[in-house]
Amino acid sequence: MTSPLQAARLDWSTGLPMSADYGDVYFSRDSGLAETRHVFIDNNQLPQRFAALQQDALFVIGETGFGTGLNFLVAWQCFLQHAPAGARLAFVSTEKHPLTPDDLQRALAMWPELATEADALLRQYQEMAPGWHRYVLAGGRISLTLLVGDALATLPELDARVDAWFLDGFAPSRNPDMWQPALFEQLARLSKPGATLATFTSAGIVRRGLAEAGFAVEKVAGFGSKREMTRGQLDTAPAPGWQAPWYARPQLAANRERSAIVVGAGIAGASTAYSLAVRGWQVTVVDRHPQPASEASGNPQGVLYTKLSPHFTPLTQLILSGYGYSLRTLQAQLPQGDDSWRQCGVLQLAHNADEEKRQGGLALAGLPHGILHAVNAEQASALAGLPLQHGGLFFPQGGWLHPPALVRRLLDHPNITLRLATAITELAQNPADDSWVAMDSDGPLAIGSIAVLATANETVQFDPTFYLPVKRIRGQVSVLPATDASRQLKTVICGEGYISPARHDSHCMGATFKFDTSDTRACDDEHEENLAMLAQMAPALHEALGGETLSAADCNGRAALRCTSPDYLPMCGAVVDREAFIDCYGQLGRDASLKISQPAPEVGGLFVSTAHGSRGMVTAPLCGEVLASLLENEPAPLPKPIMDAIHPSRFLIRDIVRQKLRD
């Protein structure tokens, strides 16, 4: 992040939202709703184009300037009115200064005709960090990818193919920084052949810039008191630049059947299955256990939190996007309660000098107050409800989650079939039609045009993915009965470990990290380790639960094996044939600057979502969206550098370049 995020500052003195920074209105004084329909809907011919879509078709709208979301809601409503029932709309919008939730609610309340769509958006809309934010709405038919940041910084990292553009934002005279040749070039790069655009402005600098970028533009009648506006169509597409083929979108067969096998019924598998199911895929989820979420996703309480770097590394960017997406998923899918989750906030205590330094950097990084803010020991104690010795960072949107509840909810979809207590003995591709077949000891049990391995450490047990560098890390949580004093705990506390407020009158704490064992039986030594962690992190809470009288005998708990990667980022994407990949790109070991164009030798139709480590509740749901977006050719939910950073082939490329592998 290059500069602190500043929310929009609105002036409501005229009764309409006006930008205090740009001195311009968000919508027309005549009628914002009618203006949107005239400028963006009618001049992109959207009702006719929506009605002409095929079943299961995707239409993509790009927008510069989300503002109050009015254009998005009108496009959403128009799409549902005119498009066939199986078609979907993907809307991508940029916004440098997002509205606060209160301002957004006040602005959208002006349009009762849009109340249904506005209410659905507002249920998921919270204060946002810089970065990319994916919303899934209308049962999966509508997606919104909101790029929070300067359009000239976000659009170059967007991977999308846009059918129609809404060029909004404040007038060129008020906001000249946006209306630049670099913006017009990005619009052309991201456009499908024949893509259209419309904008309220008829300024010559805009029309000339669009024409130079390859659009045929014309002035047409504007709305209300504005005499003219501009519309256009891509006439000359720019030549595509070179991109690393090993990170390219997967090569998908045309007219393939929309069916999938997902192996693994933890949070990674359930998230992938759900993201495909809401897009109309028929998904079979197979798991060897009799219940979903039986391994690392089965803890009684997980923590929704974001341990961030002040340097905004790829991992930090992924976590911020995933954190927001998981929170929106929970808001949309699960009512709060002891059986599901609580948005009680999370305190990350500055428990040593290194942590204090890291937190100091984050506190100065410009993240919105509603995402995190620094608190001293007295403030932290008031938030927690019990005395704490350290201050730290408070994440008001965070909380705890019962992971099995979310997994079960995601799997509860009519397009998902569960096959539990079923061990796959073979996963193979049918040479006749390239479909995937999962076999058990009795024969075929599932068939799909694609297969997704969401099998954590077991991923390396399958022949095509034996080479992926997964690491096992054992973790044990301990559960203690609540006491009258411990029930005062109001928020999750994190330090070297964590402890959550009581759920069903028990506290969950942990978790240990053990690299040298694959045993999943709970043991007394690690219960004692968790108790010692609690005594150091929150002595008053430790005392409230029993203090020195506490021992492993007082604890229940469970252990499981996390799965992580060498760089602690998940692996999400298409699987390649290792030997063919090395043959294809091995010459990079002699010259890493070579611009090889040969497509990656994929194991056609095979994908993974694995190595989510201890952050699975934050990264796995968004990775389900990543895979679905790749399979449906939708706009990516993450910047291209982050999509590359989680690609499963990154380790092969690194090893080739470092001359650890040769052709």
# chains A, B, ... in the order shown; residues from 1 in each chain; ligands from 1

call {"tool": "select_by_dssp", "arguments": {"residues": "region 403-530 of chain A", "states": "helix (DSSP H, G or I)", "output": "ChimeraX atom specification"}}
result
/A:403-411,456-461,463-465,486-488,524-530

call {"tool": "select_by_dssp", "arguments": {"residues": "region 392-568 of chain A", "states": "strand (DSSP E or B)", "output": "ChimeraX atom specification"}}
result
/A:392-395,399-401,416-419,426-429,436-440,443-448,450-453,471-481,492-494,498-499,503,506-510,514,556-564

call {"tool": "closest_residue", "arguments": {"among": "A:Gly391, A:Pro172, A:Gly62, A:Pro17", "to": "Leu99 (chain A)", "atoms": "only C-alpha atoms"}}
result
A:Pro17

call {"tool": "residues_around", "arguments": {"residues": "region 243-251 of chain A", "least_positions_apart": "3", "cutoff": "7 Å", "atoms": "only C-alpha atoms", "output": "PyMOL selection string"}}
result
chain A and resi 574+597-600+630+644+647

call {"tool": "residues_around", "arguments": {"residues": "region 617-628 of chain A", "least_positions_apart": "4", "cutoff": "7 Å", "atoms": "only C-alpha atoms", "output": "count of residues only"}}
result
19

call {"tool": "residues_around", "arguments": {"residues": "Leu453 (chain A)", "least_positions_apart": "6", "cutoff": "8 Å", "atoms": "only C-alpha atoms", "output": "ChimeraX atom specification"}}
result
/A:262-264,269,459,606-610

call {"tool": "write_last_selection", "arguments": {"atoms": "N, CA and C atoms", "output": "short mmCIF file (atom, residue, chain, number, x, y, z; two decimals), in the first residue's frame"}}
result
data_model
loop_
_atom_site.label_atom_id
_atom_site.label_comp_id
_atom_site.auth_asym_id
_atom_site.auth_seq_id
_atom_site.Cartn_x
_atom_site.Cartn_y
_atom_site.Cartn_z
N VAL A 262 -14.85 -32.86 -5.92
CA VAL A 262 -14.02 -32.18 -4.93
C VAL A 262 -13.66 -33.21 -3.87
N VAL A 263 -12.38 -33.45 -3.69
CA VAL A 263 -11.93 -34.44 -2.71
C VAL A 263 -11.53 -33.68 -1.45
N GLY A 264 -12.24 -33.95 -0.37
CA GLY A 264 -11.99 -33.28 0.90
C GLY A 264 -13.17 -32.44 1.32
N GLY A 269 -12.37 -27.70 0.78
CA GLY A 269 -13.26 -28.41 -0.13
C GLY A 269 -14.67 -27.85 -0.13
N THR A 459 -2.62 -34.44 -0.16
CA THR A 459 -2.51 -34.10 -1.58
C THR A 459 -1.36 -34.83 -2.24
N LEU A 606 -7.40 -30.73 -13.57
CA LEU A 606 -7.08 -31.05 -12.18
C LEU A 606 -6.59 -29.79 -11.47
N PHE A 607 -7.15 -29.54 -10.29
CA PHE A 607 -6.85 -28.33 -9.52
C PHE A 607 -6.62 -28.69 -8.06
N VAL A 608 -5.98 -27.77 -7.34
CA VAL A 608 -5.77 -27.96 -5.90
C VAL A 608 -6.17 -26.69 -5.14
N SER A 609 -6.57 -26.89 -3.91
CA SER A 609 -6.70 -25.82 -2.91
C SER A 609 -6.19 -26.42 -1.62
N THR A 610 -4.96 -26.08 -1.28
CA THR A 610 -4.33 -26.73 -0.14
C THR A 610 -3.31 -25.78 0.49
#

call {"tool": "closest_residue", "arguments": {"among": "A:Thr201, A:Ser297, A:Ser31, A:Gln186", "to": "Ala454 (chain A)", "atoms": "only C-alpha atoms"}}
result
A:Ser297

call {"tool": "residues_around", "arguments": {"residues": "region 122-136 of chain A", "least_positions_apart": "2", "cutoff": "7 Å", "atoms": "only C-alpha atoms", "output": "PyMOL selection string"}}
result
chain A and resi 5+100-101+105+118-120+140+142-149+317+320-321+324-325+328+331-332+367-368+370-371+637-638

call {"tool": "closest_residue", "arguments": {"among": "A:Leu445, A:Val575, A:Leu234, A:Cys555", "to": "Ala423 (chain A)", "atoms": "only C-alpha atoms"}}
result
A:Leu445

call {"tool": "closest_residue", "arguments": {"among": "A:His542, A:Arg227, A:Lys490, A:Lys471", "to": "Thr517 (chain A)", "atoms": "only C-alpha atoms"}}
result
A:Lys471

call {"tool": "closest_residue", "arguments": {"among": "A:Gly510, A:Pro570, A:Gly86, A:Gly546", "to": "Leu53 (chain A)", "atoms": "only C-alpha atoms"}}
result
A:Gly86

call {"tool": "atom_distance", "arguments": {"atom1": "CA of Ser259 (chain A)", "atom2": "CA of Tyr274 (chain A)"}}
result
12.6 Å
